[in-house]
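Colleague: What follows is a structure written as structure tokens; I'll ask about it next.
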Amino acid sequence: MQNKQASDAKGRANSGTGAVESTLKDFFIDEIKDIYWAEKHLVKTLPKMEKAAGSEELKDAFCDHLEATKTHVSRLEYVFDLIGERPVAKECEAMAGIIKEGNSIIEDTEKGTATRDVGLILAAQKVEHYEISSYGGLAQLARTLGLSEVAELLNNTLNEEKQADELLTSIAENGINYQAAHEERN
């Protein structure tokens, strides 16, 4: 009996007809609100990170990711439309903490140093990893709920977040970490 129920549920989820009302769908919507808050706050935070960065390559990466993040906000607003919900942000405590930590890095490091840039990269990668885990999980939930178009949109953002993380790693490995390792204390 359980196998038939599981098979029937899987068939409904793969049909793409949309999610039935369920506690899972409620949870999914709540988590979309959470990542929406996070993305909207990153739109405000990335310019501060760009301004604080010393490396032109890092400044450019933050500037480019700001534009991508604005697209992510718009994409999430479309997701809300697809699931018949009004775009509402719910404070993301995890992202609020990561942003606070990033602000502390700016306050606690000297302007123009590679050490500050290392800290900014680390903070930005914490953001990216949170987003990667969120979008990966949300895309899977959307597939489970039969929201194939939503899953595709979330997966697109997931791939863009992975690319941003890889770029940050490349910037760190191609000079900034080495430069910071050779900076003397003041």
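Labeling convention for the structure tokens: chains A, B, ... as they appear, residues from 1 per chain, ligands from 1 in order of appearance.
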Could you list, as a ChimeraX atom specification, every residue within 12 Å of Gln179 in chain A, counting only C-alpha atoms and ignoring same-chain residues fewer than 3 positions away?
Modeller: /A:54-55,112-118,171-176,182-184
Colleague: Generate a file of the selected residues that holds N, CA and C atoms, formatted as an mmCIF file, in the first residue's frame.
Modeller:
```cif
data_model
loop_
_atom_site.group_PDB
_atom_site.id
_atom_site.type_symbol
_atom_site.label_atom_id
_atom_site.label_comp_id
_atom_site.auth_asym_id
_atom_site.auth_seq_id
_atom_site.Cartn_x
_atom_site.Cartn_y
_atom_site.Cartn_z
ATOM 1 N N GLY A 54 39.766 46.563 -1.958
ATOM 2 C CA GLY A 54 40.928 47.274 -2.484
ATOM 3 C C GLY A 54 41.278 46.831 -3.895
ATOM 4 N N SER A 55 41.103 45.564 -4.168
ATOM 5 C CA SER A 55 41.436 44.993 -5.470
ATOM 6 C C SER A 55 40.384 45.375 -6.507
ATOM 7 N N GLY A 112 42.263 49.282 2.182
ATOM 8 C CA GLY A 112 43.281 49.139 1.153
ATOM 9 C C GLY A 112 44.207 47.953 1.321
ATOM 10 N N THR A 113 43.970 47.107 2.317
ATOM 11 C CA THR A 113 44.862 45.965 2.526
ATOM 12 C C THR A 113 44.319 44.708 1.850
ATOM 13 N N ALA A 114 45.241 43.840 1.515
ATOM 14 C CA ALA A 114 44.842 42.542 0.965
ATOM 15 C C ALA A 114 44.136 41.721 2.042
ATOM 16 N N THR A 115 44.493 41.948 3.295
ATOM 17 C CA THR A 115 43.829 41.233 4.389
ATOM 18 C C THR A 115 42.339 41.569 4.423
ATOM 19 N N ARG A 116 42.005 42.830 4.209
ATOM 20 C CA ARG A 116 40.582 43.189 4.148
ATOM 21 C C ARG A 116 39.923 42.459 2.987
ATOM 22 N N ASP A 117 40.593 42.434 1.837
ATOM 23 C CA ASP A 117 40.018 41.743 0.675
ATOM 24 C C ASP A 117 39.816 40.251 0.946
ATOM 25 N N VAL A 118 40.777 39.630 1.644
ATOM 26 C CA VAL A 118 40.621 38.222 2.026
ATOM 27 C C VAL A 118 39.368 38.063 2.884
ATOM 28 N N ILE A 171 39.762 34.538 -7.481
ATOM 29 C CA ILE A 171 40.365 35.824 -7.102
ATOM 30 C C ILE A 171 41.278 35.632 -5.892
ATOM 31 N N ALA A 172 40.809 34.881 -4.917
ATOM 32 C CA ALA A 172 41.617 34.637 -3.716
ATOM 33 C C ALA A 172 42.892 33.870 -4.059
ATOM 34 N N GLU A 173 42.755 32.814 -4.835
ATOM 35 C CA GLU A 173 43.894 31.943 -5.139
ATOM 36 C C GLU A 173 44.897 32.587 -6.081
ATOM 37 N N ASN A 174 44.462 33.540 -6.866
ATOM 38 C CA ASN A 174 45.345 34.147 -7.868
ATOM 39 C C ASN A 174 46.012 35.429 -7.385
ATOM 40 N N GLY A 175 46.209 35.541 -6.087
ATOM 41 C CA GLY A 175 47.008 36.668 -5.640
ATOM 42 C C GLY A 175 46.660 37.263 -4.297
ATOM 43 N N ILE A 176 45.386 37.476 -4.020
ATOM 44 C CA ILE A 176 45.019 38.206 -2.810
ATOM 45 C C ILE A 176 45.450 37.459 -1.547
ATOM 46 N N HIS A 182 51.752 38.180 3.151
ATOM 47 C CA HIS A 182 53.024 38.912 3.235
ATOM 48 C C HIS A 182 52.863 40.352 3.734
ATOM 49 N N GLU A 183 51.659 40.711 4.143
ATOM 50 C CA GLU A 183 51.457 42.045 4.721
ATOM 51 C C GLU A 183 51.961 42.038 6.160
ATOM 52 N N GLU A 184 52.644 43.085 6.495
ATOM 53 C CA GLU A 184 53.124 43.202 7.871
ATOM 54 C C GLU A 184 52.065 43.886 8.727
#
```
Colleague: Find the residues around Gln163 in chain A up to 12 Å (only C-alpha atoms counted), leave out those fewer than 4 positions away in its own chain, and share them as number ranges by chain.
Modeller: A: 61, 64-65, 68, 125, 128-129, 131-132, 156-159, 167-170
Colleague: Output C-alpha atoms of each residue in that selection to a file, as a PDB file, in the first residue's frame.
Modeller:
```pdb
ATOM      1  CA  ALA A  61      33.211  40.920  -9.019  1.00  0.00           C
ATOM      2  CA  ASP A  64      28.818  42.242 -11.412  1.00  0.00           C
ATOM      3  CA  HIS A  65      27.227  40.172  -8.664  1.00  0.00           C
ATOM      4  CA  ALA A  68      23.046  39.276 -10.865  1.00  0.00           C
ATOM      5  CA  GLN A 125      31.704  33.039   0.077  1.00  0.00           C
ATOM      6  CA  GLU A 128      27.284  32.212  -1.620  1.00  0.00           C
ATOM      7  CA  HIS A 129      27.358  28.935   0.274  1.00  0.00           C
ATOM      8  CA  GLU A 131      22.529  30.733  -1.154  1.00  0.00           C
ATOM      9  CA  ILE A 132      23.800  27.584  -2.854  1.00  0.00           C
ATOM     10  CA  ASN A 156      19.211  28.855 -12.803  1.00  0.00           C
ATOM     11  CA  THR A 157      19.926  30.994  -9.758  1.00  0.00           C
ATOM     12  CA  LEU A 158      21.696  28.072  -8.082  1.00  0.00           C
ATOM     13  CA  ASN A 159      24.071  27.790 -11.041  1.00  0.00           C
ATOM     14  CA  LEU A 167      35.030  33.416  -9.183  1.00  0.00           C
ATOM     15  CA  LEU A 168      35.677  34.443  -5.578  1.00  0.00           C
ATOM     16  CA  THR A 169      37.873  31.368  -5.079  1.00  0.00           C
ATOM     17  CA  SER A 170      39.799  32.224  -8.227  1.00  0.00           C
TER      18      SER A 170
END
```
Colleague: Under the rule that only C-alpha atoms are counted, which of A:Gly84, A:Ile121, A:Phe28, A:Asp108 is the nearest residue to Ser134 in chain A?
Modeller: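 Among the listed residues, the smallest separation from Ser134 in chain A belongs to A:Phe28.
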Colleague: Which is closest to Ile83 in chain A among A:Gly97, A:Gly119, A:Gly146, A:Pro47, if we use only C-alpha atoms?
Modeller: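 Of A:Gly97, A:Gly119, A:Gly146, A:Pro47, the one nearest Ile83 in chain A, counting only C-alpha atoms, is A:Gly146.
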Colleague: Have a look at A:Ala181, A:Leu76, A:Ala142, A:Ile99 and name the one nearest to Phe27 in chain A; count only C-alpha atoms.
Modeller: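 Residue with the minimum atom-to-atom distance to Phe27 in chain A: A:Ala142.
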Colleague: What does the distance between CA of Gly136 in chain A and CA of Asp60 in chain A come to in Å, to one decimal place?
Modeller: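 Distance between the two atoms: 26.1 Å.
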Colleague: Counting only C-alpha atoms, which of A:Arg143, A:Lys70, A:Lys48, A:Lys162 gets nearest to Gly102 in chain A?
Modeller: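 Closest residue, counting only C-alpha atoms: A:Lys48.
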Colleague: Which residues of range 56-127 of chain A come within 8 Å of range 35-41 of chain A, and for each one, what is the closest pair of atoms and their distance in Å to one decimal, counting only C-alpha atoms, sorted by chain and residue number, as JSON lines?
Modeller:
```
{"residue": "A:Thr69", "atom": "CA", "partner": "A:Glu39", "partner_atom": "CA", "distance": 6.4}
{"residue": "A:Lys70", "atom": "CA", "partner": "A:Glu39", "partner_atom": "CA", "distance": 7.8}
{"residue": "A:His72", "atom": "CA", "partner": "A:Glu39", "partner_atom": "CA", "distance": 7.0}
{"residue": "A:Val73", "atom": "CA", "partner": "A:Glu39", "partner_atom": "CA", "distance": 6.0}
{"residue": "A:Leu76", "atom": "CA", "partner": "A:Tyr36", "partner_atom": "CA", "distance": 6.5}
{"residue": "A:Val88", "atom": "CA", "partner": "A:Tyr36", "partner_atom": "CA", "distance": 7.6}
{"residue": "A:Ala89", "atom": "CA", "partner": "A:Trp37", "partner_atom": "CA", "distance": 4.6}
{"residue": "A:Lys90", "atom": "CA", "partner": "A:Trp37", "partner_atom": "CA", "distance": 5.8}
{"residue": "A:Glu91", "atom": "CA", "partner": "A:Trp37", "partner_atom": "CA", "distance": 5.8}
{"residue": "A:Cys92", "atom": "CA", "partner": "A:Ala38", "partner_atom": "CA", "distance": 6.0}
{"residue": "A:Met95", "atom": "CA", "partner": "A:Ala38", "partner_atom": "CA", "distance": 5.8}
{"residue": "A:Ala96", "atom": "CA", "partner": "A:Ala38", "partner_atom": "CA", "distance": 7.6}
```
Colleague: Please save N, CA, C and O atoms of the selected residues as a short mmCIF file (atom, residue, chain, number, x, y, z; two decimals), in the first residue's frame.
Modeller:
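That gives us out-v8.cif:
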```cif
data_model
loop_
_atom_site.label_atom_id
_atom_site.label_comp_id
_atom_site.auth_asym_id
_atom_site.auth_seq_id
_atom_site.Cartn_x
_atom_site.Cartn_y
_atom_site.Cartn_z
N THR A 69 22.35 39.77 -8.59
CA THR A 69 21.46 39.70 -7.42
C THR A 69 20.15 40.42 -7.70
O THR A 69 19.09 39.96 -7.28
N LYS A 70 20.22 41.52 -8.41
CA LYS A 70 18.98 42.22 -8.79
C LYS A 70 18.12 41.31 -9.67
O LYS A 70 16.90 41.28 -9.54
N HIS A 72 18.17 38.05 -9.47
CA HIS A 72 17.65 37.02 -8.56
C HIS A 72 16.41 37.51 -7.83
O HIS A 72 15.45 36.75 -7.65
N VAL A 73 16.41 38.78 -7.43
CA VAL A 73 15.23 39.36 -6.78
C VAL A 73 14.04 39.33 -7.74
O VAL A 73 12.95 38.88 -7.37
N LEU A 76 12.79 35.80 -8.20
CA LEU A 76 11.98 35.36 -7.06
C LEU A 76 10.59 35.99 -7.08
O LEU A 76 9.60 35.34 -6.72
N VAL A 88 6.58 38.70 -0.51
CA VAL A 88 6.75 39.19 0.85
C VAL A 88 8.06 38.62 1.38
O VAL A 88 8.32 37.43 1.24
N ALA A 89 8.86 39.50 1.97
CA ALA A 89 10.12 39.06 2.55
C ALA A 89 9.93 38.74 4.03
O ALA A 89 9.21 39.44 4.73
N LYS A 90 10.57 37.67 4.45
CA LYS A 90 10.59 37.28 5.87
C LYS A 90 12.05 37.30 6.29
O LYS A 90 12.90 36.71 5.62
N GLU A 91 12.34 38.00 7.38
CA GLU A 91 13.74 38.14 7.78
C GLU A 91 14.45 36.80 7.81
O GLU A 91 14.00 35.84 8.44
N CYS A 92 15.57 36.79 7.14
CA CYS A 92 16.44 35.61 7.09
C CYS A 92 17.52 35.81 8.15
O CYS A 92 18.46 36.58 7.95
N MET A 95 21.16 35.01 7.01
CA MET A 95 21.80 36.02 6.17
C MET A 95 22.06 37.30 6.96
O MET A 95 23.08 37.95 6.76
N ALA A 96 21.16 37.65 7.86
CA ALA A 96 21.37 38.83 8.70
C ALA A 96 22.68 38.68 9.48
O ALA A 96 23.46 39.62 9.60
#
```
Colleague: Using only C-alpha atoms, determine which residues lie at most 8 Å from Phe62 in chain A, disregarding the query and same-chain residues fewer than 5 positions distant; provide the list as number ranges by chain.
Modeller: A: 46-47, 49-50
Colleague: Now that the selection is made, can you save its residues with N, CA, C and O atoms as a PDB file, in the first residue's frame?
Modeller:
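Saved to again_34.pdb:
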```
ATOM      1  N   LEU A  46      26.011  44.651  -1.192  1.00  0.00           N
ATOM      2  CA  LEU A  46      27.085  44.503  -2.180  1.00  0.00           C
ATOM      3  C   LEU A  46      27.782  45.820  -2.532  1.00  0.00           C
ATOM      4  O   LEU A  46      29.010  45.833  -2.682  1.00  0.00           O
ATOM      5  N   PRO A  47      27.068  46.933  -2.663  1.00  0.00           N
ATOM      6  CA  PRO A  47      27.787  48.188  -2.927  1.00  0.00           C
ATOM      7  C   PRO A  47      28.754  48.567  -1.797  1.00  0.00           C
ATOM      8  O   PRO A  47      29.831  49.122  -2.053  1.00  0.00           O
ATOM      9  N   MET A  49      30.364  46.401   0.061  1.00  0.00           N
ATOM     10  CA  MET A  49      31.498  45.491  -0.093  1.00  0.00           C
ATOM     11  C   MET A  49      32.391  45.946  -1.246  1.00  0.00           C
ATOM     12  O   MET A  49      33.617  45.908  -1.138  1.00  0.00           O
ATOM     13  N   GLU A  50      31.765  46.377  -2.327  1.00  0.00           N
ATOM     14  CA  GLU A  50      32.531  46.885  -3.470  1.00  0.00           C
ATOM     15  C   GLU A  50      33.370  48.085  -3.047  1.00  0.00           C
ATOM     16  O   GLU A  50      34.557  48.182  -3.378  1.00  0.00           O
TER      17      GLU A  50
END
```
Colleague: Applying 12 Å and only C-alpha atoms, which residues near Glu101 in chain A remain after dropping the ones on its own chain fewer than 6 positions away? List them as a list in words.
Modeller: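 Residues near the query, excluding close chain neighbours: Thr45, Ala94, Met95, Glu107, Asp108, Gly119, Leu120, Leu122, Ala123, Ala124, Lys126 and Val127 of chain A.
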Colleague: Given the choices A:Asp30, A:Leu138, A:Thr144, A:Cys63, which gets closest to Val43 in chain A if the distance is worked out from only C-alpha atoms?
Modeller: A:Cys63
Colleague: For CA of Glu149 in chain A and CA of Tyr78 in chain A, quote the distance in Å rounded to one decimal.
Modeller: 10.4 Å
Colleague: Any idea what the distance is between CA of Leu153 in chain A and CA of Arg75 in chain A?
Modeller: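 Interatomic distance here is 7.1 Å.
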